[in-house]
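Quick look at structure.pdb (PDB, C-alpha atoms):
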```pdb
ATOM      1  CA  MET A 188      90.068 110.028  92.310  1.00  0.00           C
ATOM      2  CA  LEU A 189      87.418 109.801  95.002  1.00  0.00           C
ATOM      3  CA  ARG A 190      84.327 111.964  94.799  1.00  0.00           C
ATOM      4  CA  ASN A 191      81.973 112.384  97.752  1.00  0.00           C
ATOM      5  CA  VAL A 192      79.217 110.779  95.705  1.00  0.00           C
ATOM      6  CA  ASP A 193      81.350 107.619  95.447  1.00  0.00           C
ATOM      7  CA  ILE A 194      81.553 106.944  99.197  1.00  0.00           C
ATOM      8  CA  GLU A 195      78.247 105.086  99.538  1.00  0.00           C
ATOM      9  CA  ALA A 196      79.034 102.997  96.436  1.00  0.00           C
ATOM     10  CA  ILE A 197      82.403 102.115  97.979  1.00  0.00           C
ATOM     11  CA  VAL A 198      80.755 101.153 101.257  1.00  0.00           C
ATOM     12  CA  GLN A 199      78.217  98.936  99.498  1.00  0.00           C
ATOM     13  CA  LEU A 200      80.736  97.148  97.276  1.00  0.00           C
ATOM     14  CA  SER A 201      82.998  96.664 100.307  1.00  0.00           C
ATOM     15  CA  LEU A 202      80.235  94.986 102.280  1.00  0.00           C
ATOM     16  CA  LEU A 203      79.505  92.665  99.348  1.00  0.00           C
ATOM     17  CA  ALA A 204      83.174  91.937  98.648  1.00  0.00           C
ATOM     18  CA  TRP A 205      84.077  91.218 102.277  1.00  0.00           C
ATOM     19  CA  GLU A 206      81.006  89.201 103.234  1.00  0.00           C
ATOM     20  CA  PRO A 207      82.719  85.908 102.220  1.00  0.00           C
ATOM     21  CA  VAL A 208      85.686  86.910 104.392  1.00  0.00           C
ATOM     22  CA  PHE A 209      83.550  87.304 107.483  1.00  0.00           C
ATOM     23  CA  ILE A 210      81.678  84.082 106.726  1.00  0.00           C
ATOM     24  CA  SER A 211      85.054  82.353 106.513  1.00  0.00           C
ATOM     25  CA  PHE A 212      86.191  83.949 109.772  1.00  0.00           C
ATOM     26  CA  GLU A 213      83.042  82.735 111.506  1.00  0.00           C
ATOM     27  CA  GLN A 214      83.610  79.182 110.234  1.00  0.00           C
ATOM     28  CA  ILE A 215      87.252  79.235 111.342  1.00  0.00           C
ATOM     29  CA  LEU A 216      86.778  80.924 114.709  1.00  0.00           C
ATOM     30  CA  GLY A 217      83.503  79.291 115.701  1.00  0.00           C
ATOM     31  CA  SER A 218      80.386  80.609 117.367  1.00  0.00           C
ATOM     32  CA  ARG A 219      82.106  81.527 120.640  1.00  0.00           C
ATOM     33  CA  ILE A 220      85.131  83.538 119.435  1.00  0.00           C
ATOM     34  CA  TYR A 221      83.744  85.113 116.256  1.00  0.00           C
ATOM     35  CA  PRO A 222      81.099  87.293 117.970  1.00  0.00           C
ATOM     36  CA  ILE A 223      83.725  88.597 120.395  1.00  0.00           C
ATOM     37  CA  LEU A 224      85.977  89.763 117.560  1.00  0.00           C
ATOM     38  CA  TYR A 225      83.322  90.781 115.010  1.00  0.00           C
ATOM     39  CA  PRO A 226      80.045  91.524 116.802  1.00  0.00           C
ATOM     40  CA  THR A 227      78.904  94.047 114.185  1.00  0.00           C
ATOM     41  CA  TRP A 228      81.228  93.680 111.222  1.00  0.00           C
ATOM     42  CA  ARG A 229      78.931  95.467 108.759  1.00  0.00           C
ATOM     43  CA  SER A 230      78.655  98.646 110.814  1.00  0.00           C
ATOM     44  CA  SER A 231      82.343  98.506 111.757  1.00  0.00           C
ATOM     45  CA  GLN A 232      83.312  98.053 108.126  1.00  0.00           C
ATOM     46  CA  ARG A 233      81.035 100.908 107.036  1.00  0.00           C
ATOM     47  CA  LYS A 234      82.599 103.231 109.616  1.00  0.00           C
ATOM     48  CA  ALA A 235      86.150 102.230 108.644  1.00  0.00           C
ATOM     49  CA  ILE A 236      85.463 102.903 104.959  1.00  0.00           C
ATOM     50  CA  GLU A 237      83.698 106.199 105.639  1.00  0.00           C
ATOM     51  CA  ASP A 238      86.517 107.298 107.960  1.00  0.00           C
ATOM     52  CA  ILE A 239      89.271 106.552 105.452  1.00  0.00           C
ATOM     53  CA  CYS A 240      87.344 108.233 102.646  1.00  0.00           C
ATOM     54  CA  ASN A 241      87.023 111.372 104.743  1.00  0.00           C
ATOM     55  CA  GLU A 242      90.681 111.433 105.913  1.00  0.00           C
ATOM     56  CA  PRO A 243      92.409 113.744 103.450  1.00  0.00           C
ATOM     57  CA  LYS A 244      95.772 114.208 105.191  1.00  0.00           C
ATOM     58  CA  ASN A 245      98.012 111.311 104.128  1.00  0.00           C
ATOM     59  CA  THR A 246      95.351 108.956 102.801  1.00  0.00           C
ATOM     60  CA  PHE A 247      94.433 108.561  99.159  1.00  0.00           C
ATOM     61  CA  VAL A 248      91.369 106.791  97.799  1.00  0.00           C
ATOM     62  CA  TRP A 249      90.942 105.944  94.130  1.00  0.00           C
ATOM     63  CA  VAL A 250      88.029 104.221  92.441  1.00  0.00           C
ATOM     64  CA  ALA A 251      87.759 101.953  89.423  1.00  0.00           C
ATOM     65  CA  GLU A 252      84.710 102.538  87.256  1.00  0.00           C
ATOM     66  CA  ARG A 253      83.004 100.559  84.560  1.00  0.00           C
ATOM     67  CA  ASP A 254      80.121 102.117  82.639  1.00  0.00           C
ATOM     68  CA  GLU A 255      80.210 105.057  85.083  1.00  0.00           C
ATOM     69  CA  GLN A 256      79.627 102.720  88.051  1.00  0.00           C
ATOM     70  CA  VAL A 257      82.119 102.261  90.893  1.00  0.00           C
ATOM     71  CA  VAL A 258      83.325  98.649  90.700  1.00  0.00           C
ATOM     72  CA  GLY A 259      86.389  98.793  92.946  1.00  0.00           C
ATOM     73  CA  PHE A 260      88.580 101.000  95.070  1.00  0.00           C
ATOM     74  CA  VAL A 261      91.943 101.215  96.761  1.00  0.00           C
ATOM     75  CA  ALA A 262      92.824 103.303  99.810  1.00  0.00           C
ATOM     76  CA  TYR A 263      96.405 103.795 100.901  1.00  0.00           C
ATOM     77  CA  GLU A 264      98.399 105.896 103.326  1.00  0.00           C
ATOM     78  CA  LEU A 265     101.780 107.514 102.839  1.00  0.00           C
ATOM     79  CA  ASN A 266     104.286 107.773 105.659  1.00  0.00           C
ATOM     80  CA  LYS A 267     106.863 110.232 104.386  1.00  0.00           C
ATOM     81  CA  THR A 268     109.047 109.869 107.498  1.00  0.00           C
ATOM     82  CA  GLU A 269     109.461 106.133 106.906  1.00  0.00           C
ATOM     83  CA  GLU A 270     109.239 106.500 103.108  1.00  0.00           C
ATOM     84  CA  SER A 271     106.560 103.829 102.984  1.00  0.00           C
ATOM     85  CA  GLY A 272     103.042 103.434 101.712  1.00  0.00           C
ATOM     86  CA  GLU A 273     100.480 101.054 103.116  1.00  0.00           C
ATOM     87  CA  VAL A 274      97.359  99.803 101.379  1.00  0.00           C
ATOM     88  CA  GLN A 275      94.574 100.034 103.937  1.00  0.00           C
ATOM     89  CA  PHE A 276      91.734  98.733 101.790  1.00  0.00           C
ATOM     90  CA  LEU A 277      91.303  97.241  98.349  1.00  0.00           C
ATOM     91  CA  ALA A 278      88.009  95.775  97.196  1.00  0.00           C
ATOM     92  CA  VAL A 279      86.267  94.889  93.962  1.00  0.00           C
ATOM     93  CA  HIS A 280      82.529  94.364  93.595  1.00  0.00           C
ATOM     94  CA  PRO A 281      81.839  90.598  93.380  1.00  0.00           C
ATOM     95  CA  ASP A 282      80.246  90.989  89.929  1.00  0.00           C
ATOM     96  CA  HIS A 283      83.536  92.412  88.619  1.00  0.00           C
ATOM     97  CA  GLN A 284      86.090  90.199  90.346  1.00  0.00           C
ATOM     98  CA  ASN A 285      88.631  87.967  88.598  1.00  0.00           C
ATOM     99  CA  VAL A 286      89.048  90.240  85.581  1.00  0.00           C
ATOM    100  CA  GLY A 287      92.153  92.151  86.753  1.00  0.00           C
ATOM    101  CA  ILE A 288      90.577  95.146  88.480  1.00  0.00           C
ATOM    102  CA  GLY A 289      92.147  94.324  91.860  1.00  0.00           C
ATOM    103  CA  THR A 290      95.576  93.915  90.286  1.00  0.00           C
ATOM    104  CA  ALA A 291      95.153  97.146  88.332  1.00  0.00           C
ATOM    105  CA  LEU A 292      94.186  99.015  91.511  1.00  0.00           C
ATOM    106  CA  SER A 293      97.160  97.516  93.345  1.00  0.00           C
ATOM    107  CA  ASP A 294      99.542  98.438  90.528  1.00  0.00           C
ATOM    108  CA  PHE A 295      98.119 101.965  90.396  1.00  0.00           C
ATOM    109  CA  ALA A 296      98.619 102.436  94.141  1.00  0.00           C
ATOM    110  CA  LEU A 297     102.197 101.154  93.882  1.00  0.00           C
ATOM    111  CA  GLN A 298     102.975 103.514  91.017  1.00  0.00           C
ATOM    112  CA  THR A 299     101.592 106.548  92.832  1.00  0.00           C
ATOM    113  CA  MET A 300     103.501 105.576  95.999  1.00  0.00           C
ATOM    114  CA  LYS A 301     106.713 105.349  93.988  1.00  0.00           C
ATOM    115  CA  GLU A 302     106.037 108.713  92.332  1.00  0.00           C
ATOM    116  CA  ALA A 303     105.556 110.200  95.833  1.00  0.00           C
ATOM    117  CA  GLY A 304     109.055 109.023  96.776  1.00  0.00           C
ATOM    118  CA  MET A 305     108.130 105.982  98.856  1.00  0.00           C
ATOM    119  CA  LYS A 306     110.731 103.206  99.058  1.00  0.00           C
ATOM    120  CA  LEU A 307     108.540 100.434 100.499  1.00  0.00           C
ATOM    121  CA  ALA A 308     104.927  99.345 100.031  1.00  0.00           C
ATOM    122  CA  VAL A 309     103.060  97.259 102.595  1.00  0.00           C
ATOM    123  CA  VAL A 310      99.708  95.469 102.531  1.00  0.00           C
ATOM    124  CA  GLY A 311      98.137  92.956 104.881  1.00  0.00           C
ATOM    125  CA  THR A 312      95.621  90.262 104.038  1.00  0.00           C
ATOM    126  CA  GLY A 313      94.322  86.981 105.397  1.00  0.00           C
ATOM    127  CA  GLY A 314      95.698  83.509 104.846  1.00  0.00           C
ATOM    128  CA  ASP A 315      92.323  81.787 104.624  1.00  0.00           C
ATOM    129  CA  ALA A 316      90.648  80.683 101.392  1.00  0.00           C
ATOM    130  CA  SER A 317      88.408  83.761 101.229  1.00  0.00           C
ATOM    131  CA  HIS A 318      91.506  85.962 100.879  1.00  0.00           C
ATOM    132  CA  ALA A 319      93.015  83.952  98.002  1.00  0.00           C
ATOM    133  CA  PRO A 320      91.922  86.501  95.348  1.00  0.00           C
ATOM    134  CA  ALA A 321      93.541  89.327  97.324  1.00  0.00           C
ATOM    135  CA  ARG A 322      96.770  87.352  97.720  1.00  0.00           C
ATOM    136  CA  ARG A 323      96.805  86.638  93.967  1.00  0.00           C
ATOM    137  CA  ALA A 324      96.365  90.335  93.157  1.00  0.00           C
ATOM    138  CA  TYR A 325      99.165  91.379  95.519  1.00  0.00           C
ATOM    139  CA  GLU A 326     101.509  88.670  94.264  1.00  0.00           C
ATOM    140  CA  LYS A 327     100.806  89.684  90.644  1.00  0.00           C
ATOM    141  CA  SER A 328     101.789  93.214  91.674  1.00  0.00           C
ATOM    142  CA  GLY A 329     105.109  91.928  92.994  1.00  0.00           C
ATOM    143  CA  TYR A 330     104.543  91.906  96.750  1.00  0.00           C
ATOM    144  CA  THR A 331     106.480  89.356  98.804  1.00  0.00           C
ATOM    145  CA  GLY A 332     104.368  87.609 101.431  1.00  0.00           C
ATOM    146  CA  LEU A 333     105.592  86.967 104.967  1.00  0.00           C
ATOM    147  CA  PRO A 334     103.501  84.161 106.490  1.00  0.00           C
ATOM    148  CA  LEU A 335     102.217  85.074 109.939  1.00  0.00           C
ATOM    149  CA  VAL A 336      99.754  83.286 112.187  1.00  0.00           C
ATOM    150  CA  ARG A 337      97.523  84.840 114.820  1.00  0.00           C
ATOM    151  CA  TYR A 338      95.935  82.511 117.358  1.00  0.00           C
ATOM    152  CA  TYR A 339      92.763  83.025 119.399  1.00  0.00           C
ATOM    153  CA  LYS A 340      91.417  81.102 122.393  1.00  0.00           C
ATOM    154  CA  ASN A 341      88.055  81.496 124.000  1.00  0.00           C
ATOM    155  CA  LEU A 342      88.375  81.947 127.740  1.00  0.00           C
TER     156      LEU A 342
END
```

What does this structure look like when you write it as structure tokens?
Amino acid sequence: MLRNVDIEAIVQLSLLAWEPVFISFEQILGSRIYPILYPTWRSSQRKAIEDICNEPKNTFVWVAERDEQVVGFVAYELNKTEESGEVQFLAVHPDHQNVGIGTALSDFALQTMKEAGMKLAVVGTGGDASHAPARRAYEKSGYTGLPLVRYYKNL
């Protein structure tokens, strides 16, 4: 379960874990479109993580620890009206990736959603190479991917 003292650790590991994603986005989108979409990704990401960690209503944040250090986290929302849960964020510190922590966090979130009476779980991720570890974790947890493409054009 999330403790207030964990929030800064979550922010820091998130910035490290998602840096390759934003590097990939910049390479894909180019120097004209990328800054329009992500002018300040670090501060935006920090705010998004802090906001979700401080939203107690229908949002749940759980951390994974190793040697009393936060090494990963998952944040998900429950929509009781639609009987669905949606993973908003899942990240693992780069030094602890590829050892099953992401899959364990995903499985934990799914189990707690099911116990809360949810009938459907949803998660979104990217289709680029930097999101391959996330896709592997979600597929190991039994998610079914629906390929979607979003196009951008600089005007």

Residue IDs satisfying the PyMOL selection byres ((chain A and resi 265) around 12), as a PyMOL selection string: chain A and resi 243-248+262-264+266-275+296-297+299-309

Would you export the selected residues with C-alpha atoms as a PDB file, keeping the file's coordinate frame, please?
```pdb
ATOM      1  CA  PRO A 243      92.409 113.744 103.450  1.00  0.00           C
ATOM      2  CA  LYS A 244      95.772 114.208 105.191  1.00  0.00           C
ATOM      3  CA  ASN A 245      98.012 111.311 104.128  1.00  0.00           C
ATOM      4  CA  THR A 246      95.351 108.956 102.801  1.00  0.00           C
ATOM      5  CA  PHE A 247      94.433 108.561  99.159  1.00  0.00           C
ATOM      6  CA  VAL A 248      91.369 106.791  97.799  1.00  0.00           C
ATOM      7  CA  ALA A 262      92.824 103.303  99.810  1.00  0.00           C
ATOM      8  CA  TYR A 263      96.405 103.795 100.901  1.00  0.00           C
ATOM      9  CA  GLU A 264      98.399 105.896 103.326  1.00  0.00           C
ATOM     10  CA  ASN A 266     104.286 107.773 105.659  1.00  0.00           C
ATOM     11  CA  LYS A 267     106.863 110.232 104.386  1.00  0.00           C
ATOM     12  CA  THR A 268     109.047 109.869 107.498  1.00  0.00           C
ATOM     13  CA  GLU A 269     109.461 106.133 106.906  1.00  0.00           C
ATOM     14  CA  GLU A 270     109.239 106.500 103.108  1.00  0.00           C
ATOM     15  CA  SER A 271     106.560 103.829 102.984  1.00  0.00           C
ATOM     16  CA  GLY A 272     103.042 103.434 101.712  1.00  0.00           C
ATOM     17  CA  GLU A 273     100.480 101.054 103.116  1.00  0.00           C
ATOM     18  CA  VAL A 274      97.359  99.803 101.379  1.00  0.00           C
ATOM     19  CA  GLN A 275      94.574 100.034 103.937  1.00  0.00           C
ATOM     20  CA  ALA A 296      98.619 102.436  94.141  1.00  0.00           C
ATOM     21  CA  LEU A 297     102.197 101.154  93.882  1.00  0.00           C
ATOM     22  CA  THR A 299     101.592 106.548  92.832  1.00  0.00           C
ATOM     23  CA  MET A 300     103.501 105.576  95.999  1.00  0.00           C
ATOM     24  CA  LYS A 301     106.713 105.349  93.988  1.00  0.00           C
ATOM     25  CA  GLU A 302     106.037 108.713  92.332  1.00  0.00           C
ATOM     26  CA  ALA A 303     105.556 110.200  95.833  1.00  0.00           C
ATOM     27  CA  GLY A 304     109.055 109.023  96.776  1.00  0.00           C
ATOM     28  CA  MET A 305     108.130 105.982  98.856  1.00  0.00           C
ATOM     29  CA  LYS A 306     110.731 103.206  99.058  1.00  0.00           C
ATOM     30  CA  LEU A 307     108.540 100.434 100.499  1.00  0.00           C
ATOM     31  CA  ALA A 308     104.927  99.345 100.031  1.00  0.00           C
ATOM     32  CA  VAL A 309     103.060  97.259 102.595  1.00  0.00           C
TER      33      VAL A 309
END
```

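The coordinates place CA of Ser211 in chain A at 22.5 Å from CA of Thr290 in chain A.
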
Write out as a PyMOL selection string the residues lying within 10 Å of Val261 in chain A, counting only C-alpha atoms and excluding same-chain residues fewer than 2 positions away. chain A and resi 189+197+247-251+259+263+274-279+289+291-293+295-296

Skipping near chain neighbours, those fewer than 5 positions away, what residues fall within 9 Å of Ile210 in chain A using only C-alpha atoms, listed as a list in words? Trp205, Ile215 and Ser317 of chain A

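Across the model, the gap from CA of Asn341 in chain A to CA of Gly311 in chain A is 24.5 Å.
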
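Closest to Asn285 in chain A among A:Phe209, A:Ala319, A:Lys234, A:Asp193 is A:Ala319, based on all atoms listed in the file.
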
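The residues returned by the PyMOL selection byres ((chain A and resi 198-202) around 8) for this structure are Ile194, Glu195, Ala196, Ile197, Leu203, Ala204, Trp205, Glu206, Arg229, Gln232, Arg233, Ile236, Glu237, Val258, Gly259, Ala278, Val279, His280 and Pro281 of chain A.
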
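Checking A:Leu342, A:Gln214, A:Gly287, A:Asp315 one by one against Ser328 in chain A, counting only C-alpha atoms, you find the shortest gap at A:Gly287.
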
What is the distance between CA of Ile239 in chain A and CA of Tyr338 in chain A, in Å to one decimal? 27.6 Å

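This file gives the following result for the PyMOL selection byres ((chain A and resi 223) around 12): Phe212, Glu213, Leu216, Gly217, Ser218, Arg219, Ile220, Tyr221, Pro222, Leu224, Tyr225, Pro226, Thr227, Trp228, Tyr339, Lys340, Asn341 and Leu342 of chain A.
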
Taking only C-alpha atoms into account, name the residue in A:Thr312, A:Gln256, A:Ser231, A:His318 that is nearest to Pro334 in chain A. A:Thr312
